[in-house]
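J.: Provided below: entry.cif, containing mmCIF, C-alpha atoms.
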data_input
loop_
_atom_site.label_atom_id
_atom_site.label_comp_id
_atom_site.auth_asym_id
_atom_site.auth_seq_id
_atom_site.Cartn_x
_atom_site.Cartn_y
_atom_site.Cartn_z
CA MET G 15 64.31 -9.69 24.46
CA LYS G 16 65.34 -6.07 24.18
CA ASN G 17 64.70 -6.11 20.43
CA TRP G 18 61.23 -7.53 21.02
CA MET G 19 60.44 -4.75 23.51
CA LYS G 20 61.61 -2.12 21.01
CA LEU G 21 59.36 -3.59 18.31
CA PHE G 22 56.41 -3.63 20.71
CA GLY G 23 57.00 0.04 21.61
CA LEU G 24 57.17 1.07 17.96
CA PHE G 25 53.96 -0.85 17.22
CA ALA G 26 52.11 0.91 20.10
CA LEU G 27 53.34 4.29 18.92
CA LEU G 28 52.11 3.58 15.39
CA LEU G 29 48.65 2.66 16.68
CA LEU G 30 48.48 5.94 18.60
CA VAL G 31 49.40 8.00 15.53
CA VAL G 32 46.80 6.24 13.39
CA ALA G 33 44.07 6.76 16.00
CA CYS G 34 44.79 10.47 16.27
CA SER G 35 44.79 10.97 12.52
CA THR G 36 41.20 9.65 12.11
CA GLU G 37 39.77 12.93 13.58
CA GLN G 38 39.94 16.07 11.46
CA PRO G 39 41.85 18.99 12.98
CA GLY G 40 39.64 21.07 15.26
CA SER G 41 36.84 18.48 15.45
CA SER G 42 35.66 16.27 18.27
CA SER G 43 32.74 14.07 19.10
CA ASP G 44 31.62 16.66 21.65
CA ASP G 45 31.59 19.35 18.93
CA ALA G 46 29.47 17.18 16.65
CA GLU G 47 26.88 16.60 19.37
CA GLY G 48 26.73 20.21 20.58
CA ASP G 49 26.61 22.02 17.23
CA GLY G 50 22.85 22.58 17.19
CA GLY G 51 22.24 21.01 13.78
CA ASP G 52 23.67 22.99 10.87
CA SER G 53 21.81 23.02 7.55
CA GLY G 54 23.08 20.96 4.66
CA ASN G 55 25.28 23.80 3.36
CA GLY G 56 26.98 24.13 6.75
CA ASP G 57 25.30 27.47 7.51
CA ASP G 58 22.20 27.58 9.74
CA THR G 59 21.59 31.34 9.24
CA THR G 60 18.12 32.03 7.84
CA LYS G 61 18.50 33.66 4.43
CA ILE G 62 15.71 35.92 3.19
CA GLY G 63 15.27 37.47 -0.24
CA LEU G 64 13.20 40.68 -0.48
CA SER G 65 12.02 41.89 -3.91
CA ILE G 66 10.65 45.44 -3.74
CA SER G 67 8.56 46.96 -6.54
CA THR G 68 10.40 50.30 -6.37
CA LEU G 69 12.64 52.24 -4.01
CA ASN G 70 11.76 55.54 -5.68
CA ASN G 71 8.72 55.65 -3.39
CA PRO G 72 9.39 56.63 0.25
CA PHE G 73 6.71 54.19 1.43
CA PHE G 74 8.67 51.22 0.11
CA VAL G 75 11.95 52.65 1.40
CA ALA G 76 10.38 52.64 4.87
CA LEU G 77 9.10 49.09 4.34
CA ARG G 78 12.57 47.94 3.31
CA ASP G 79 14.20 49.69 6.26
CA GLY G 80 11.76 48.04 8.66
CA ALA G 81 12.46 44.62 7.17
CA GLU G 82 16.23 45.01 7.15
CA ALA G 83 16.33 46.31 10.73
CA ALA G 84 14.18 43.41 11.93
CA ALA G 85 16.31 40.90 10.02
CA GLU G 86 19.51 42.29 11.55
CA GLU G 87 18.01 42.13 15.04
CA ALA G 88 16.93 38.51 14.49
CA GLY G 89 20.31 37.50 13.10
CA TYR G 90 18.95 36.72 9.64
CA GLU G 91 20.71 37.39 6.36
CA ILE G 92 18.62 39.51 3.98
CA THR G 93 19.20 40.50 0.35
CA THR G 94 17.02 43.25 -1.13
CA SER G 95 16.43 44.04 -4.80
CA ASP G 96 14.71 47.01 -6.45
CA ALA G 97 12.54 46.22 -9.50
CA GLN G 98 12.08 49.91 -10.35
CA ASN G 99 8.39 49.26 -11.07
CA ASP G 100 9.29 46.96 -13.98
CA ALA G 101 7.81 43.44 -14.02
CA ALA G 102 10.60 42.03 -16.21
CA THR G 103 13.27 43.44 -13.91
CA GLN G 104 11.50 41.95 -10.92
CA ALA G 105 11.37 38.52 -12.59
CA SER G 106 15.12 38.69 -13.21
CA ASP G 107 15.76 39.88 -9.63
CA ILE G 108 13.81 36.97 -8.19
CA GLU G 109 15.62 34.50 -10.41
CA ASP G 110 18.90 35.84 -9.00
CA LEU G 111 17.61 35.61 -5.42
CA LEU G 112 16.55 31.98 -5.91
CA GLN G 113 20.09 31.20 -7.10
CA GLN G 114 21.44 32.49 -3.78
CA ASP G 115 20.04 29.59 -1.75
CA ILE G 116 17.51 31.71 0.16
CA ASP G 117 15.17 30.09 2.68
CA VAL G 118 12.19 32.44 2.21
CA LEU G 119 11.20 34.90 -0.54
CA LEU G 120 9.38 38.14 0.32
CA VAL G 121 7.72 39.77 -2.69
CA ASN G 122 6.17 43.20 -3.12
CA PRO G 123 4.84 42.80 -6.67
CA ALA G 124 5.28 45.50 -9.28
CA ASP G 125 2.47 43.76 -11.17
CA SER G 126 0.20 41.29 -9.39
CA SER G 127 -0.42 39.25 -12.55
CA ALA G 128 3.09 39.25 -14.01
CA ILE G 129 4.60 38.13 -10.70
CA VAL G 130 2.81 34.76 -10.83
CA SER G 131 5.46 33.02 -12.93
CA SER G 132 8.20 34.07 -10.51
CA ILE G 133 6.23 32.82 -7.53
CA GLU G 134 5.68 29.52 -9.32
CA SER G 135 9.45 29.30 -9.92
CA ALA G 136 10.00 29.74 -6.19
CA ASN G 137 7.36 27.08 -5.52
CA ASP G 138 9.16 24.67 -7.88
CA SER G 139 12.44 25.41 -6.06
CA GLY G 140 10.88 24.63 -2.68
CA VAL G 141 11.26 28.22 -1.47
CA PRO G 142 8.20 29.50 0.49
CA VAL G 143 6.80 32.86 -0.66
CA ILE G 144 5.31 35.71 1.36
CA THR G 145 3.67 38.68 -0.40
CA VAL G 146 4.04 42.13 1.14
CA ASP G 147 1.68 45.12 0.73
CA ARG G 148 0.46 43.88 -2.68
CA THR G 149 -1.03 40.49 -3.47
CA ALA G 150 -0.28 38.10 -6.34
CA ASP G 151 -2.90 36.75 -8.72
CA GLY G 152 -1.56 33.20 -8.53
CA GLY G 153 1.14 30.84 -7.32
CA GLU G 154 1.39 29.38 -3.83
CA VAL G 155 1.78 32.07 -1.17
CA VAL G 156 2.18 31.16 2.50
CA THR G 157 0.87 34.45 3.86
CA HIS G 158 0.12 38.02 2.81
CA ILE G 159 1.12 40.96 5.02
CA ALA G 160 -0.49 44.32 4.35
CA SER G 161 -2.93 46.95 5.38
CA ASP G 162 -6.52 46.37 4.29
CA ASN G 163 -6.50 48.46 1.10
CA VAL G 164 -10.25 48.11 0.57
CA GLU G 165 -10.89 49.47 4.05
CA GLY G 166 -8.47 52.32 3.40
CA GLY G 167 -10.28 53.23 0.19
CA GLU G 168 -13.54 53.26 2.10
CA MET G 169 -12.00 55.58 4.71
CA ALA G 170 -11.03 58.00 1.96
CA GLY G 171 -14.45 57.77 0.34
CA ASN G 172 -16.28 58.42 3.57
CA PHE G 173 -14.08 61.40 4.41
CA ILE G 174 -14.60 62.99 0.99
CA ALA G 175 -18.35 62.33 1.10
CA GLU G 176 -18.52 64.00 4.51
CA GLN G 177 -16.51 67.03 3.37
CA LEU G 178 -18.74 67.47 0.30
CA ASN G 179 -22.02 66.71 2.07
CA GLU G 180 -22.36 63.90 -0.48
CA GLU G 181 -22.50 66.30 -3.43
CA GLY G 182 -19.70 67.33 -5.76
CA GLN G 183 -17.36 66.51 -8.62
CA VAL G 184 -14.48 64.16 -7.85
CA VAL G 185 -11.27 63.04 -9.58
CA GLU G 186 -9.60 59.72 -8.83
CA LEU G 187 -5.87 59.31 -9.55
CA GLU G 188 -5.27 55.58 -9.85
CA GLY G 189 -2.09 53.62 -9.21
CA ILE G 190 -0.23 51.23 -11.49
CA PRO G 191 -2.68 49.21 -13.61
CA GLY G 192 -2.49 45.57 -12.54
CA ALA G 193 -1.23 46.28 -9.01
CA SER G 194 -3.47 44.84 -6.30
CA ALA G 195 -3.26 48.08 -4.29
CA THR G 196 -4.72 49.94 -7.26
CA ARG G 197 -7.65 47.56 -7.56
CA GLU G 198 -8.35 47.33 -3.83
CA ARG G 199 -8.07 51.03 -2.96
CA GLY G 200 -10.26 51.88 -5.93
CA GLU G 201 -12.75 49.18 -4.92
CA GLY G 202 -13.07 50.54 -1.38
CA PHE G 203 -13.43 54.13 -2.59
CA HIS G 204 -16.17 53.21 -5.05
CA ASN G 205 -17.94 51.10 -2.45
CA VAL G 206 -18.74 54.44 -0.84
CA VAL G 207 -19.03 57.10 -3.54
CA ASP G 208 -20.87 55.03 -6.14
CA SER G 209 -23.84 54.73 -3.78
CA MET G 210 -24.24 58.52 -3.61
CA ASP G 211 -26.23 60.13 -6.40
CA GLY G 212 -24.85 63.59 -5.64
CA ILE G 213 -21.20 62.62 -6.25
CA GLU G 214 -20.01 62.69 -9.87
CA MET G 215 -16.73 61.10 -10.94
CA VAL G 216 -15.38 63.47 -13.58
CA ALA G 217 -12.13 61.56 -14.20
CA ASN G 218 -10.42 58.28 -13.30
CA GLN G 219 -6.87 58.18 -14.63
CA SER G 220 -3.68 56.34 -13.74
CA ALA G 221 -0.60 58.26 -12.63
CA ASN G 222 1.32 55.08 -11.74
CA PHE G 223 1.86 55.97 -8.08
CA ASP G 224 4.33 58.66 -9.24
CA ARG G 225 4.44 62.32 -8.11
CA SER G 226 5.54 63.84 -11.40
CA GLU G 227 2.92 61.83 -13.27
CA GLY G 228 0.34 62.90 -10.72
CA LEU G 229 1.21 66.52 -11.50
CA THR G 230 1.00 66.00 -15.27
CA VAL G 231 -2.24 63.98 -15.20
CA MET G 232 -3.89 66.48 -12.86
CA GLU G 233 -2.88 69.41 -15.06
CA ASN G 234 -4.42 67.68 -18.07
CA ILE G 235 -7.63 66.97 -16.16
CA LEU G 236 -7.91 70.61 -15.03
CA GLN G 237 -7.72 71.79 -18.64
CA SER G 238 -10.94 69.92 -19.44
CA THR G 239 -12.80 70.28 -16.14
CA ASP G 240 -14.83 73.40 -15.35
CA SER G 241 -15.47 72.55 -11.70
CA LEU G 242 -13.80 70.27 -9.17
CA ASP G 243 -14.48 69.58 -5.51
CA ALA G 244 -12.24 66.69 -4.44
CA VAL G 245 -9.35 64.45 -5.45
CA PHE G 246 -8.65 60.97 -4.16
CA ALA G 247 -5.20 59.65 -5.07
CA HIS G 248 -4.29 56.01 -4.51
CA ASN G 249 -1.02 57.11 -2.89
CA ASP G 250 0.54 60.22 -1.41
CA GLU G 251 3.03 60.74 -4.22
CA MET G 252 0.21 61.25 -6.74
CA ALA G 253 -1.73 63.35 -4.22
CA LEU G 254 1.25 65.67 -3.78
CA GLY G 255 1.57 65.98 -7.56
CA ALA G 256 -2.13 66.91 -7.71
CA VAL G 257 -1.57 69.52 -4.99
CA GLN G 258 1.13 71.16 -7.13
CA ALA G 259 -1.22 71.30 -10.13
CA LEU G 260 -4.07 72.73 -8.06
CA GLU G 261 -1.77 75.35 -6.52
CA SER G 262 -0.59 76.40 -9.98
CA ASN G 263 -4.21 76.93 -10.99
CA ASN G 264 -5.18 78.73 -7.75
CA MET G 265 -7.72 76.03 -6.96
CA LEU G 266 -6.23 74.30 -3.94
CA GLU G 267 -8.30 76.13 -1.31
CA ASP G 268 -11.54 74.94 -2.91
CA VAL G 269 -10.60 71.28 -3.47
CA THR G 270 -10.39 68.49 -0.89
CA VAL G 271 -7.33 66.31 -1.51
CA VAL G 272 -6.90 62.87 0.08
CA GLY G 273 -3.91 60.57 -0.34
CA PHE G 274 -2.89 57.16 0.92
CA ASP G 275 0.22 55.95 2.84
CA ALA G 276 0.90 58.84 5.25
CA THR G 277 4.47 59.41 4.10
CA ASP G 278 6.46 62.15 5.82
CA ASP G 279 5.85 64.60 2.96
CA ALA G 280 2.13 63.91 3.03
CA ARG G 281 1.89 64.31 6.79
CA ALA G 282 3.69 67.65 6.47
CA ALA G 283 1.28 68.72 3.71
CA VAL G 284 -1.70 67.81 5.91
CA SER G 285 -0.23 69.79 8.83
CA GLU G 286 0.26 72.78 6.52
CA GLY G 287 -3.30 72.53 5.20
CA ARG G 288 -2.19 71.77 1.63
CA MET G 289 -3.68 68.26 1.83
CA ASP G 290 -6.82 67.44 3.76
CA ALA G 291 -6.15 63.84 4.74
CA THR G 292 -4.10 60.72 4.09
CA VAL G 293 -4.80 57.12 4.99
CA ALA G 294 -1.99 56.06 7.30
CA GLN G 295 -0.27 52.76 6.73
CA GLN G 296 2.69 51.59 8.80
CA PRO G 297 5.28 50.47 6.26
CA GLU G 298 8.01 49.84 8.83
CA LEU G 299 5.65 47.55 10.73
CA ILE G 300 4.70 45.74 7.52
CA GLY G 301 8.39 45.06 6.93
CA GLN G 302 8.95 43.95 10.52
CA ASN G 303 5.96 41.61 10.42
CA ALA G 304 7.19 40.15 7.15
CA ILE G 305 10.53 39.23 8.73
CA ASP G 306 8.81 37.76 11.78
CA ALA G 307 6.62 35.62 9.52
CA ALA G 308 9.61 34.61 7.38
CA GLY G 309 11.47 33.39 10.46
CA LYS G 310 8.50 31.27 11.50
CA VAL G 311 8.06 29.85 8.00
CA ALA G 312 11.76 28.97 7.83
CA GLN G 313 11.28 26.95 11.03
CA ASP G 314 8.22 25.20 9.57
CA GLU G 315 5.87 27.00 11.96
CA GLU G 316 2.33 27.81 10.84
CA VAL G 317 1.30 31.42 10.15
CA GLU G 318 -2.04 33.03 9.30
CA GLU G 319 -2.96 33.36 5.63
CA PHE G 320 -3.35 37.14 6.06
CA ILE G 321 -1.55 39.28 8.62
CA PRO G 322 -3.22 42.73 8.68
CA VAL G 323 -1.57 45.98 9.73
CA GLU G 324 -3.88 48.63 11.18
CA LEU G 325 -4.90 51.77 9.26
CA GLN G 326 -5.96 55.23 10.45
CA LEU G 327 -6.99 58.50 8.81
CA VAL G 328 -4.61 61.42 9.35
CA THR G 329 -6.35 64.79 9.13
CA GLU G 330 -4.07 67.11 11.09
#
Once you've parsed the file, please lay out its structure as structure tokens.
T.:
Amino acid sequence: MKNWMKLFGLFALLLLVVACSTEQPGSSSDDAEGDGGDSGNGDDTTKIGLSISTLNNPFFVALRDGAEAAAEEAGYEITTSDAQNDAATQASDIEDLLQQDIDVLLVNPADSSAIVSSIESANDSGVPVITVDRTADGGEVVTHIASDNVEGGEMAGNFIAEQLNEEGQVVELEGIPGASATRERGEGFHNVVDSMDGIEMVANQSANFDRSEGLTVMENILQSTDSLDAVFAHNDEMALGAVQALESNNMLEDVTVVGFDATDDARAAVSEGRMDATVAQQPELIGQNAIDAAGKVAQDEEVEEFIPVELQLVTE
């Protein structure tokens, strides 16, 4: 009888050990029910990839800072890459981002046409794409977040026309060929000035959104131009380069200069009277809105096809 009781006790102990070993250490049925639904890779943090055209431009530095600050506040993980204004580099950057299991891709295209293949790669990978500041010429994009560049170009055109009483010779410094901002800002500007018989466009040349190129291009234009009344540059960096060239030729006081972006340097130049105006974007807000939209898209919420950010003309 005693032996039978011992055997029974050993059998009960064995059952208890087996039952306990079926749960992994640190897990419980309560934990499984209260976890909140992790993603398939065990990490429910929203992962965002941000591909910037260039961080040599203070406008895009501000956009990046706005996006990264908003991502940190929301608890998202964000990885940023700098394409250095090179379409091939951007394509490689985006390929790397897609390999990092991101949930949403934010793209500020270096070239609106060249970026299409990268967006299509993201589409094929099931990663939703949001364009920022510049549009893409193709691929499936969930939403575009930017200022209205056409409207901004019209603001610049109207200001210059008013300053010149609709008569004078004007130079246009264009951005990177192929960039949507170049096309749209130029379109808005010409919507205004092309309708005025008294305004003559004496030069339209690209300086690639770069200050040093703006200086060089403007110097070359001044060598072949007898008279000049105004300059519209598609961004502030080129406008500031033009200001340097005009100062070197003692022409700045007689020429109206208008930029676009309202960077800190441009605002200072306007306050000092070295530039006459700049069209103010809000790059930090563009970045913040991009992160807000990315969070909604990651949760399968609907967003508008275009999310505009307000512009204003800075003249003092």
J.: Residues of stretch 77-161 of chain G within 7 Å of stretch 296-306 of chain G: nearest atom pair and distance (Å, one decimal) for each, counting all atoms listed in the file, sorted by chain and number, as JSON lines?
T.:
{"residue": "G:Leu77", "atom": "CA", "partner": "G:Pro297", "partner_atom": "CA", "distance": 4.5}
{"residue": "G:Arg78", "atom": "CA", "partner": "G:Gly301", "partner_atom": "CA", "distance": 6.2}
{"residue": "G:Asp79", "atom": "CA", "partner": "G:Glu298", "partner_atom": "CA", "distance": 6.7}
{"residue": "G:Gly80", "atom": "CA", "partner": "G:Glu298", "partner_atom": "CA", "distance": 4.2}
{"residue": "G:Ala81", "atom": "CA", "partner": "G:Gly301", "partner_atom": "CA", "distance": 4.1}
{"residue": "G:Ala84", "atom": "CA", "partner": "G:Gln302", "partner_atom": "CA", "distance": 5.4}
{"residue": "G:Ala85", "atom": "CA", "partner": "G:Ile305", "partner_atom": "CA", "distance": 6.2}
{"residue": "G:Ile159", "atom": "CA", "partner": "G:Ile300", "partner_atom": "CA", "distance": 6.5}
{"residue": "G:Ala160", "atom": "CA", "partner": "G:Ile300", "partner_atom": "CA", "distance": 6.2}
J.: Considering all atoms listed in the file, tabulate each residue of stretch 184-242 of chain G that lies at most 12 Å from stretch 274-287 of chain G along with its nearest interatomic pair and the corresponding distance in Å to one decimal; arrange the rows by chain and ascending residue number and present them as a tab-separated table.
T.:
residue	atom	partner	partner_atom	distance
G:Leu187	CA	G:Phe274	CA	11.1
G:Glu188	CA	G:Phe274	CA	11.1
G:Gly189	CA	G:Phe274	CA	10.8
G:Ala195	CA	G:Phe274	CA	10.5
G:Thr196	CA	G:Phe274	CA	11.1
G:Arg199	CA	G:Phe274	CA	8.9
G:Gly200	CA	G:Phe274	CA	11.4
G:Phe203	CA	G:Phe274	CA	11.5
G:Phe223	CA	G:Phe274	CA	10.2
G:Arg225	CA	G:Asp279	CA	11.4
J.: From the options G:Leu242, G:Asn179, G:Asn234, G:Ala259, which residue's atoms come nearest to G:Asp211, counting only C-alpha atoms?
T.: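 Nearest to G:Asp211: G:Asn179.
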J.: Quick one: residues within 6 Å of G:Val185, only C-alpha atoms, excluding same-chain residues fewer than 2 positions away - as a list of chain:residue names?
T.: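 After dropping sequence-adjacent residues, the list is G:Met215, G:Val216, G:Ala217, G:Val245.
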J.: Could you tell me, as a VMD selection string, which residues have any atom at most 8 Å from (-12.2, 52.8, 0.4), counting only C-alpha atoms?
T.: chain G and resid 163 to 172 198 to 206
J.: Check which residues satisfy the PyMOL selection byres ((chain G and resi 315-320) around 12) in the file shown, then give them as an MDAnalysis selection string.
T.: chainID G and resid 142:149 154:162 300 303:304 306:314 321:323
J.: Store the residues picked out above, limited to C-alpha atoms, as a PDB file, keeping the file's coordinate frame.
T.:
ATOM      1  CA  PRO G 142       8.200  29.500   0.490  1.00  0.00           C
ATOM      2  CA  VAL G 143       6.800  32.860  -0.660  1.00  0.00           C
ATOM      3  CA  ILE G 144       5.310  35.710   1.360  1.00  0.00           C
ATOM      4  CA  THR G 145       3.670  38.680  -0.400  1.00  0.00           C
ATOM      5  CA  VAL G 146       4.040  42.130   1.140  1.00  0.00           C
ATOM      6  CA  ASP G 147       1.680  45.120   0.730  1.00  0.00           C
ATOM      7  CA  ARG G 148       0.460  43.880  -2.680  1.00  0.00           C
ATOM      8  CA  THR G 149      -1.030  40.490  -3.470  1.00  0.00           C
ATOM      9  CA  GLU G 154       1.390  29.380  -3.830  1.00  0.00           C
ATOM     10  CA  VAL G 155       1.780  32.070  -1.170  1.00  0.00           C
ATOM     11  CA  VAL G 156       2.180  31.160   2.500  1.00  0.00           C
ATOM     12  CA  THR G 157       0.870  34.450   3.860  1.00  0.00           C
ATOM     13  CA  HIS G 158       0.120  38.020   2.810  1.00  0.00           C
ATOM     14  CA  ILE G 159       1.120  40.960   5.020  1.00  0.00           C
ATOM     15  CA  ALA G 160      -0.490  44.320   4.350  1.00  0.00           C
ATOM     16  CA  SER G 161      -2.930  46.950   5.380  1.00  0.00           C
ATOM     17  CA  ASP G 162      -6.520  46.370   4.290  1.00  0.00           C
ATOM     18  CA  ILE G 300       4.700  45.740   7.520  1.00  0.00           C
ATOM     19  CA  ASN G 303       5.960  41.610  10.420  1.00  0.00           C
ATOM     20  CA  ALA G 304       7.190  40.150   7.150  1.00  0.00           C
ATOM     21  CA  ASP G 306       8.810  37.760  11.780  1.00  0.00           C
ATOM     22  CA  ALA G 307       6.620  35.620   9.520  1.00  0.00           C
ATOM     23  CA  ALA G 308       9.610  34.610   7.380  1.00  0.00           C
ATOM     24  CA  GLY G 309      11.470  33.390  10.460  1.00  0.00           C
ATOM     25  CA  LYS G 310       8.500  31.270  11.500  1.00  0.00           C
ATOM     26  CA  VAL G 311       8.060  29.850   8.000  1.00  0.00           C
ATOM     27  CA  ALA G 312      11.760  28.970   7.830  1.00  0.00           C
ATOM     28  CA  GLN G 313      11.280  26.950  11.030  1.00  0.00           C
ATOM     29  CA  ASP G 314       8.220  25.200   9.570  1.00  0.00           C
ATOM     30  CA  ILE G 321      -1.550  39.280   8.620  1.00  0.00           C
ATOM     31  CA  PRO G 322      -3.220  42.730   8.680  1.00  0.00           C
ATOM     32  CA  VAL G 323      -1.570  45.980   9.730  1.00  0.00           C
TER      33      VAL G 323
END
J.: At most 8 Å is the cut-off: for each residue in stretch 118-178 of chain G with any atom that close to an atom of stretch 60-66 of chain G, write down the nearest atom pair and the distance in Å rounded to one decimal, counting only C-alpha atoms, chain first then increasing number, as a Markdown table.
T.:
| residue | atom | partner | partner_atom | distance |
| --- | --- | --- | --- | --- |
| G:Val118 | CA | G:Ile62 | CA | 5.0 |
| G:Leu119 | CA | G:Gly63 | CA | 4.8 |
| G:Leu120 | CA | G:Leu64 | CA | 4.7 |
| G:Val121 | CA | G:Ser65 | CA | 4.9 |
| G:Asn122 | CA | G:Ile66 | CA | 5.0 |
| G:Pro123 | CA | G:Ile66 | CA | 7.0 |
| G:Ala124 | CA | G:Ile66 | CA | 7.7 |
J.: Report as a PDB file with C-alpha atoms, keeping the file's coordinate frame the residues that result from applying the PyMOL selection byres ((chain G and resi 103) around 12) to the structure here.
T.:
ATOM      1  CA  SER G  65      12.020  41.890  -3.910  1.00  0.00           C
ATOM      2  CA  ILE G  66      10.650  45.440  -3.740  1.00  0.00           C
ATOM      3  CA  SER G  67       8.560  46.960  -6.540  1.00  0.00           C
ATOM      4  CA  THR G  68      10.400  50.300  -6.370  1.00  0.00           C
ATOM      5  CA  SER G  95      16.430  44.040  -4.800  1.00  0.00           C
ATOM      6  CA  ASP G  96      14.710  47.010  -6.450  1.00  0.00           C
ATOM      7  CA  ALA G  97      12.540  46.220  -9.500  1.00  0.00           C
ATOM      8  CA  GLN G  98      12.080  49.910 -10.350  1.00  0.00           C
ATOM      9  CA  ASN G  99       8.390  49.260 -11.070  1.00  0.00           C
ATOM     10  CA  ASP G 100       9.290  46.960 -13.980  1.00  0.00           C
ATOM     11  CA  ALA G 101       7.810  43.440 -14.020  1.00  0.00           C
ATOM     12  CA  ALA G 102      10.600  42.030 -16.210  1.00  0.00           C
ATOM     13  CA  GLN G 104      11.500  41.950 -10.920  1.00  0.00           C
ATOM     14  CA  ALA G 105      11.370  38.520 -12.590  1.00  0.00           C
ATOM     15  CA  SER G 106      15.120  38.690 -13.210  1.00  0.00           C
ATOM     16  CA  ASP G 107      15.760  39.880  -9.630  1.00  0.00           C
ATOM     17  CA  ILE G 108      13.810  36.970  -8.190  1.00  0.00           C
ATOM     18  CA  GLU G 109      15.620  34.500 -10.410  1.00  0.00           C
ATOM     19  CA  ASP G 110      18.900  35.840  -9.000  1.00  0.00           C
ATOM     20  CA  PRO G 123       4.840  42.800  -6.670  1.00  0.00           C
ATOM     21  CA  ALA G 124       5.280  45.500  -9.280  1.00  0.00           C
ATOM     22  CA  ASP G 125       2.470  43.760 -11.170  1.00  0.00           C
ATOM     23  CA  ALA G 128       3.090  39.250 -14.010  1.00  0.00           C
ATOM     24  CA  ILE G 129       4.600  38.130 -10.700  1.00  0.00           C
ATOM     25  CA  SER G 132       8.200  34.070 -10.510  1.00  0.00           C
TER      26      SER G 132
END
J.: Could you jot down the atom CA of G:Asp115 to atom CA of G:Ala150 separation for me, Å, one decimal place?
T.: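 These two atoms are separated by 22.5 Å.
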J.: Which distance in Å separates atom CA of G:Asp58 and atom CA of G:Ala88, to one decimal?
T.: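 Atom CA of G:Ala88 lies at a distance of 13.0 Å from atom CA of G:Asp58.
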J.: Using the file's own x, y and z axes, so that the box edges lie along x, y and z, what centre and edge lengths in Å (one decimal) does a box around every listed atom of stretch 310-314 of chain G get when 4 Å is added on each side? Give it as lines of an AutoDock Vina configuration file.
T.:
center_x = 9.9
center_y = 28.2
center_z = 9.7
size_x = 11.7
size_y = 14.1
size_z = 11.7
J.: Could you state the separation of atom CA of G:Gly212 and atom CA of G:Glu267 in Å, given to one decimal place?
T.: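 Straight-line distance from atom CA of G:Gly212 to atom CA of G:Glu267 works out to 21.2 Å.
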J.: Which residue, G:Val184, G:Ile133, G:Val207, G:Val75, has the smallest gap to G:Met232 when you use only C-alpha atoms?
T.: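 Result for the nearest residue to G:Met232: G:Val184.
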J.: Just checking: using only C-alpha atoms, which residue out of G:Asp151, G:Gly89, G:Val269, G:Ile235 ends up closest to G:Gly182?
T.: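 With only C-alpha atoms as the atom set, the closest residue is G:Val269.
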J.: Between G:Thr94, G:Gln295, G:Ser220, G:Gln114, which one has atoms that come closest to G:His248, using all atoms listed in the file?
T.: G:Ser220
